[in-house]
>>> print(open('work18.txt').read())   # compact mmCIF, C-alpha atoms
# COMPACT_ATOMS: atom_id res chain seq x y z
CA MET V 1 -19.45 14.82 20.48
CA THR V 2 -20.10 18.05 22.34
CA ARG V 3 -17.78 19.46 24.99
CA ASP V 4 -20.15 18.40 27.77
CA GLU V 5 -20.35 14.87 26.37
CA ALA V 6 -16.57 14.70 26.05
CA PHE V 7 -16.10 15.84 29.63
CA GLU V 8 -18.71 13.41 30.93
CA PHE V 9 -16.97 10.53 29.15
CA LEU V 10 -13.49 11.45 30.42
CA ASP V 11 -14.80 12.06 33.93
CA ARG V 12 -16.44 8.63 34.06
CA THR V 13 -13.24 7.07 32.74
CA ALA V 14 -11.13 8.87 35.32
CA ARG V 15 -13.41 7.78 38.15
CA GLY V 16 -13.41 4.17 36.96
CA ILE V 17 -9.63 3.97 36.65
CA ALA V 18 -9.16 5.51 40.11
CA GLU V 19 -11.54 3.00 41.67
CA MET V 20 -9.94 0.08 39.83
CA PHE V 21 -6.31 0.83 40.68
CA GLY V 22 -6.86 2.21 44.17
CA SER V 23 -5.65 5.10 46.26
CA SER V 24 -2.17 5.24 44.69
CA CYS V 25 -3.67 6.13 41.30
CA GLU V 26 -4.67 9.76 40.78
CA THR V 27 -6.84 10.52 37.76
CA LEU V 28 -8.09 13.86 36.53
CA VAL V 29 -9.51 15.78 33.60
CA HIS V 30 -7.66 18.89 32.35
CA ASP V 31 -9.01 21.71 30.19
CA MET V 32 -6.11 21.83 27.73
CA GLY V 33 -7.82 24.54 25.72
CA VAL V 34 -6.76 27.01 28.40
CA LEU V 35 -3.07 27.94 28.69
CA SER V 36 -3.02 27.20 32.42
CA HIS V 37 -4.74 23.81 31.78
CA PRO V 38 -6.90 23.88 34.96
CA ILE V 39 -8.25 20.70 36.54
CA LEU V 40 -11.95 20.14 35.89
CA SER V 41 -12.30 16.99 37.98
CA ILE V 42 -9.91 14.87 40.02
CA TYR V 43 -9.94 11.56 41.93
CA ASN V 44 -7.43 10.48 44.59
CA GLY V 45 -6.08 14.01 44.53
CA HIS V 46 -4.13 13.30 47.73
CA VAL V 47 -1.42 11.79 45.51
CA SER V 48 -0.40 15.26 44.32
CA GLY V 49 -2.35 17.39 46.80
CA ARG V 50 -4.31 19.08 44.01
CA THR V 51 -8.03 19.89 43.79
CA VAL V 52 -10.47 21.05 41.12
CA GLY V 53 -9.37 24.38 39.67
CA SER V 54 -5.66 23.85 40.31
CA THR V 55 -3.32 24.85 37.49
CA LEU V 56 -0.32 22.95 38.88
CA ASP V 57 1.02 19.91 37.08
CA ILE V 58 2.10 16.67 38.78
CA MET V 59 5.57 18.17 39.32
CA GLY V 60 4.12 21.11 41.23
CA THR V 61 4.78 23.73 38.55
CA ALA V 62 2.35 26.05 36.76
CA ARG V 63 4.35 26.61 33.57
CA GLU V 64 2.55 26.96 30.27
CA LEU V 65 2.95 23.93 28.05
CA ASP V 66 4.64 23.89 24.67
CA LEU V 67 2.12 23.82 21.82
CA ASP V 68 2.99 20.25 20.88
CA ALA V 69 2.65 19.09 24.48
CA SER V 70 -0.80 20.64 24.73
CA LEU V 71 -1.98 18.60 21.75
CA THR V 72 0.02 15.36 21.95
CA ASP V 73 -0.58 12.34 24.14
CA GLN V 74 2.13 11.65 26.71
CA VAL V 75 2.14 8.02 27.83
CA ASN V 76 3.98 6.21 30.63
CA LEU V 77 6.44 8.94 31.57
CA TYR V 78 8.40 9.33 34.81
CA ALA V 79 7.83 12.27 37.15
CA THR V 80 8.63 13.25 40.73
CA THR V 81 6.26 15.25 42.93
CA PRO V 82 7.49 18.12 45.14
CA SER V 83 7.29 15.75 48.13
CA GLY V 84 9.50 13.18 46.41
CA GLN V 85 6.91 10.63 45.28
CA GLN V 86 7.84 8.64 42.19
CA ILE V 87 5.11 8.76 39.57
CA LYS V 88 4.26 7.08 36.26
CA SER V 89 2.25 9.66 34.35
CA SER V 90 0.12 9.63 31.21
CA THR V 91 -1.97 12.34 29.54
CA ILE V 92 -4.42 11.41 26.79
CA HIS V 93 -6.24 14.07 24.78
CA LEU V 94 -9.77 14.25 23.46
CA ILE V 95 -9.99 17.12 20.99
CA GLY V 96 -13.13 18.45 19.29
CA GLU V 97 -14.12 21.53 17.33
CA ASP V 98 -14.43 23.78 20.35
CA TYR V 99 -12.61 21.90 23.12
CA ASN V 100 -9.36 20.21 24.06
CA LEU V 101 -9.76 18.04 27.13
CA ALA V 102 -7.31 15.51 28.50
CA LEU V 103 -7.42 12.54 30.83
CA GLY V 104 -4.50 12.47 33.25
CA ILE V 105 -3.35 9.29 35.03
CA ASN V 106 -0.68 9.48 37.73
CA PHE V 107 0.33 6.27 39.50
CA ASP V 108 2.42 6.62 42.66
CA TYR V 109 4.77 3.61 42.82
CA THR V 110 7.00 4.93 45.61
CA SER V 111 5.90 2.18 48.01
CA LEU V 112 6.74 -0.45 45.39
CA VAL V 113 10.31 0.85 45.22
CA TYR V 114 10.68 0.38 48.97
CA ALA V 115 9.02 -3.04 48.80
CA ASN V 116 11.40 -4.09 46.04
CA ARG V 117 14.39 -3.13 48.18
CA ILE V 118 13.06 -5.27 51.01
CA LEU V 119 12.51 -8.22 48.67
CA VAL V 120 16.05 -7.92 47.29
CA ASP V 121 17.42 -7.92 50.84
CA LEU V 122 15.31 -10.94 51.75
CA MET V 123 16.47 -12.92 48.71
CA SER V 124 20.15 -12.06 48.99
CA SER V 125 22.63 -14.45 50.62
CA GLU V 126 26.35 -14.50 51.33
CA ALA V 127 27.06 -17.87 49.69
CA ASP V 128 25.41 -21.10 48.60
CA LEU V 129 25.14 -24.00 51.04
CA LYS V 130 26.99 -26.45 48.80
CA SER V 131 30.11 -24.32 48.64
CA ALA V 132 29.94 -23.68 52.39
CA LEU V 133 29.76 -27.38 53.24
CA TRP V 134 32.25 -28.71 50.72
CA GLN V 135 35.52 -27.13 49.63
CA GLY V 136 36.90 -27.07 46.13
CA GLY V 137 34.15 -24.96 44.59
CA ASP V 138 36.52 -23.00 42.35
CA SER V 139 38.25 -26.10 41.02
CA ALA V 140 34.89 -27.80 40.46
CA LEU V 141 33.69 -24.75 38.55
CA ALA V 142 36.85 -24.73 36.46
CA ASP V 143 36.36 -28.41 35.64
CA LEU V 144 32.74 -27.81 34.63
CA PHE V 145 33.68 -24.81 32.51
CA ASP V 146 36.48 -26.70 30.73
CA GLU V 147 34.16 -29.65 30.16
CA CYS V 148 31.48 -27.47 28.56
CA LEU V 149 34.04 -25.54 26.53
CA ALA V 150 35.47 -28.81 25.21
CA ALA V 151 31.97 -29.87 24.17
CA LEU V 152 31.70 -26.70 22.07
CA GLY V 153 35.02 -27.48 20.41
CA LYS V 154 36.13 -23.85 20.23
CA PRO V 155 38.61 -21.70 22.17
CA VAL V 156 37.14 -18.99 24.40
CA ASP V 157 38.39 -16.10 22.25
CA SER V 158 36.47 -17.39 19.21
CA LEU V 159 33.10 -17.79 20.91
CA GLY V 160 30.23 -15.67 19.61
CA LYS V 161 27.16 -14.75 21.62
CA ALA V 162 25.29 -17.89 20.56
CA ASP V 163 28.25 -20.04 21.67
CA ARG V 164 28.57 -18.25 25.00
CA LEU V 165 24.83 -18.61 25.59
CA LYS V 166 25.05 -22.32 24.82
CA LEU V 167 27.98 -22.72 27.20
CA VAL V 168 26.07 -20.95 29.98
CA ALA V 169 23.07 -23.20 29.27
CA MET V 170 25.27 -26.30 29.55
CA MET V 171 26.70 -25.09 32.85
CA GLU V 172 23.24 -24.27 34.13
CA GLN V 173 22.15 -27.84 33.33
CA LYS V 174 25.07 -29.09 35.43
CA ASN V 175 24.03 -26.83 38.35
CA ALA V 176 27.25 -24.85 38.04
CA PHE V 177 25.52 -21.66 39.12
CA SER V 178 24.70 -23.10 42.53
CA TYR V 179 28.36 -22.59 43.46
CA ARG V 180 29.48 -19.50 45.33
CA LYS V 181 30.70 -16.69 43.06
CA SER V 182 29.91 -18.78 39.98
CA VAL V 183 28.73 -15.78 37.93
CA PRO V 184 31.96 -13.75 38.47
CA PHE V 185 33.99 -16.86 37.66
CA VAL V 186 32.17 -17.57 34.39
CA ALA V 187 32.22 -13.89 33.44
CA LYS V 188 35.99 -13.76 33.91
CA ARG V 189 36.60 -16.94 31.90
CA LEU V 190 34.36 -15.73 29.07
CA GLY V 191 35.80 -12.22 29.12
CA VAL V 192 32.42 -10.57 29.60
CA SER V 193 30.75 -8.61 32.39
CA ARG V 194 28.76 -10.17 35.22
CA TYR V 195 25.72 -8.34 33.86
CA THR V 196 26.13 -10.21 30.57
CA VAL V 197 26.15 -13.58 32.32
CA TYR V 198 23.05 -12.64 34.33
CA LYS V 199 21.43 -11.55 31.06
CA TYR V 200 22.23 -14.94 29.49
CA LEU V 201 20.67 -16.71 32.47
CA ASP V 202 17.60 -14.52 32.19
CA GLU V 203 17.28 -15.30 28.47
CA LEU V 204 17.47 -19.02 29.25
CA THR V 205 14.80 -18.68 31.93
CA GLN V 206 12.49 -16.80 29.56
CA LYS V 207 13.08 -19.39 26.84
CA GLU V 208 12.23 -22.23 29.21
CA ALA V 209 9.09 -20.40 30.33
CA GLY V 210 8.06 -19.89 26.71
CA GLU V 211 8.59 -23.54 25.82
CA GLY V 212 6.62 -24.62 28.85
CA ALA V 213 3.64 -22.39 28.04
CA PRO V 214 0.56 -24.15 26.60
>>> encode(input="work18.txt", output="structure tokens")
Amino acid sequence: MTRDEAFEFLDRTARGIAEMFGSSCETLVHDMGVLSHPILSIYNGHVSGRTVGSTLDIMGTARELDLDASLTDQVNLYATTPSGQQIKSSTIHLIGEDYNLALGINFDYTSLVYANRILVDLMSSEADLKSALWQGGDSALADLFDECLAALGKPVDSLGKADRLKLVAMMEQKNAFSYRKSVPFVAKRLGVSRYTVYKYLDELTQKEAGEGAP
């Protein structure tokens, strides 16, 4: 493959990816055979504000690359633009006898971060309805926990991860996690962090999804 053929292929690829993933996805072709690695072609350049001929990288710097970096693919890395945009960046090389070209892909996911914050706010709640309508949530949780622990036939301090996961699964089946502050309660009784209990619940959800898949 000649240099012109290599550039034509990378340019078509860059254009196709930019069209497929929309205006938040900047794609470009670098001449990595030159120390300043200038841009030969670029699509959706508004993401970084760069144009053809620019020697700036996605972070707004014009530093020369380390030798390894100028020859090695960099895939799915985090970067921040001078204006504060959050970017997922990849650089993939195509090297021939007399050329070193690279396809750059920079996806701006800043808006997704804001959207995620809004979704978290929308899904959050102060308490569950059951606990608000009927008192005795803590005692009911304690009864459920003791019942499940008795079914395991082991004291709390001798439970391994598999046992704790099974206990959480049993409590989930009994709708224990619909009670207010159920996760902190179970975490305290098990002697683990809240994060660990959430992780157990996530593992159970993934397992159920896997078993339900065709």
>>> closest_residue(input="work18.txt", among="V:Leu144, V:Ile42, V:Ile58, V:Met32", to="Gly16 of chain V", atoms="only C-alpha atoms")
V:Ile42
>>> residues_around(input="work18.txt", residues="Asp146 of chain V", least_positions_apart="2", cutoff="12 Å", atoms="all atoms listed in the file", output="MDAnalysis selection string")
chainID V and resid 139:144 148:156 167:168 170:171 176 186 189:190
>>> residues_around(input="work18.txt", residues="Ala6 of chain V", least_positions_apart="3", cutoff="12 Å", atoms="all atoms listed in the file", output="mmCIF file with C-alpha atoms, in the coordinates of the input")
data_model
loop_
_atom_site.group_PDB
_atom_site.id
_atom_site.type_symbol
_atom_site.label_atom_id
_atom_site.label_comp_id
_atom_site.auth_asym_id
_atom_site.auth_seq_id
_atom_site.Cartn_x
_atom_site.Cartn_y
_atom_site.Cartn_z
ATOM 1 C CA MET V 1 -19.450 14.820 20.480
ATOM 2 C CA THR V 2 -20.100 18.050 22.340
ATOM 3 C CA ARG V 3 -17.780 19.460 24.990
ATOM 4 C CA PHE V 9 -16.970 10.530 29.150
ATOM 5 C CA LEU V 10 -13.490 11.450 30.420
ATOM 6 C CA ASP V 11 -14.800 12.060 33.930
ATOM 7 C CA ARG V 12 -16.440 8.630 34.060
ATOM 8 C CA THR V 13 -13.240 7.070 32.740
ATOM 9 C CA VAL V 29 -9.510 15.780 33.600
ATOM 10 C CA HIS V 30 -7.660 18.890 32.350
ATOM 11 C CA ASP V 31 -9.010 21.710 30.190
ATOM 12 C CA HIS V 93 -6.240 14.070 24.780
ATOM 13 C CA LEU V 94 -9.770 14.250 23.460
ATOM 14 C CA ILE V 95 -9.990 17.120 20.990
ATOM 15 C CA GLY V 96 -13.130 18.450 19.290
ATOM 16 C CA GLU V 97 -14.120 21.530 17.330
ATOM 17 C CA ASP V 98 -14.430 23.780 20.350
ATOM 18 C CA TYR V 99 -12.610 21.900 23.120
ATOM 19 C CA ASN V 100 -9.360 20.210 24.060
ATOM 20 C CA LEU V 101 -9.760 18.040 27.130
ATOM 21 C CA ALA V 102 -7.310 15.510 28.500
ATOM 22 C CA LEU V 103 -7.420 12.540 30.830
#
>>> atom_distance(input="work18.txt", atom1="atom CA of Val75 of chain V", atom2="atom CA of Leu112 of chain V")
20.0 Å
>>> atom_distance(input="work18.txt", atom1="atom CA of Leu77 of chain V", atom2="atom CA of Asn116 of chain V")
20.1 Å
>>> closest_residue(input="work18.txt", among="V:Ser41, V:Asp73, V:His46, V:Asp108", to="Phe21 of chain V", atoms="only C-alpha atoms")
V:Asp108
>>> decode(input="work18.txt", residues="segment 42-55 of chain V", atoms="N, CA, C and O atoms", output="mmCIF file, in the first residue's frame")
data_model
loop_
_atom_site.group_PDB
_atom_site.id
_atom_site.type_symbol
_atom_site.label_atom_id
_atom_site.label_comp_id
_atom_site.auth_asym_id
_atom_site.auth_seq_id
_atom_site.Cartn_x
_atom_site.Cartn_y
_atom_site.Cartn_z
ATOM 1 N N ILE V 42 -9.606 16.277 8.802
ATOM 2 C CA ILE V 42 -10.323 16.271 10.074
ATOM 3 C C ILE V 42 -11.816 16.454 9.825
ATOM 4 O O ILE V 42 -12.223 17.176 8.914
ATOM 5 N N TYR V 43 -12.633 15.766 10.634
ATOM 6 C CA TYR V 43 -14.086 15.853 10.546
ATOM 7 C C TYR V 43 -14.644 16.165 11.947
ATOM 8 O O TYR V 43 -14.148 15.643 12.945
ATOM 9 N N ASN V 44 -15.650 16.999 11.997
ATOM 10 C CA ASN V 44 -16.207 17.491 13.266
ATOM 11 C C ASN V 44 -15.112 18.149 14.107
ATOM 12 O O ASN V 44 -15.027 17.950 15.325
ATOM 13 N N GLY V 45 -14.300 18.946 13.446
ATOM 14 C CA GLY V 45 -13.191 19.599 14.128
ATOM 15 C C GLY V 45 -13.618 20.595 15.190
ATOM 16 O O GLY V 45 -12.790 21.031 15.992
ATOM 17 N N HIS V 46 -14.926 20.946 15.228
ATOM 18 C CA HIS V 46 -15.407 21.862 16.256
ATOM 19 C C HIS V 46 -15.249 21.282 17.661
ATOM 20 O O HIS V 46 -15.238 22.015 18.642
ATOM 21 N N VAL V 47 -15.128 19.947 17.760
ATOM 22 C CA VAL V 47 -14.955 19.318 19.071
ATOM 23 C C VAL V 47 -13.703 19.857 19.758
ATOM 24 O O VAL V 47 -13.714 20.186 20.945
ATOM 25 N N SER V 48 -12.617 19.962 19.018
ATOM 26 C CA SER V 48 -11.361 20.463 19.586
ATOM 27 C C SER V 48 -10.988 21.847 19.069
ATOM 28 O O SER V 48 -10.040 22.454 19.564
ATOM 29 N N GLY V 49 -11.697 22.316 18.035
ATOM 30 C CA GLY V 49 -11.376 23.618 17.453
ATOM 31 C C GLY V 49 -10.189 23.579 16.521
ATOM 32 O O GLY V 49 -9.622 24.624 16.178
ATOM 33 N N ARG V 50 -9.787 22.391 16.059
ATOM 34 C CA ARG V 50 -8.623 22.265 15.191
ATOM 35 C C ARG V 50 -9.038 22.166 13.722
ATOM 36 O O ARG V 50 -10.168 21.794 13.409
ATOM 37 N N THR V 51 -8.095 22.454 12.846
ATOM 38 C CA THR V 51 -8.311 22.368 11.400
ATOM 39 C C THR V 51 -7.121 21.652 10.765
ATOM 40 O O THR V 51 -6.129 21.329 11.444
ATOM 41 N N VAL V 52 -7.226 21.407 9.481
ATOM 42 C CA VAL V 52 -6.119 20.775 8.742
ATOM 43 C C VAL V 52 -4.857 21.620 8.896
ATOM 44 O O VAL V 52 -4.896 22.849 8.776
ATOM 45 N N GLY V 53 -3.746 20.954 9.171
ATOM 46 C CA GLY V 53 -2.470 21.632 9.346
ATOM 47 C C GLY V 53 -2.109 21.887 10.796
ATOM 48 O O GLY V 53 -0.946 22.163 11.114
ATOM 49 N N SER V 54 -3.073 21.781 11.685
ATOM 50 C CA SER V 54 -2.806 22.027 13.107
ATOM 51 C C SER V 54 -1.860 20.961 13.664
ATOM 52 O O SER V 54 -1.928 19.786 13.298
ATOM 53 N N THR V 55 -0.979 21.393 14.554
ATOM 54 C CA THR V 55 -0.050 20.465 15.205
ATOM 55 C C THR V 55 -0.411 20.277 16.683
ATOM 56 O O THR V 55 0.350 19.661 17.428
#
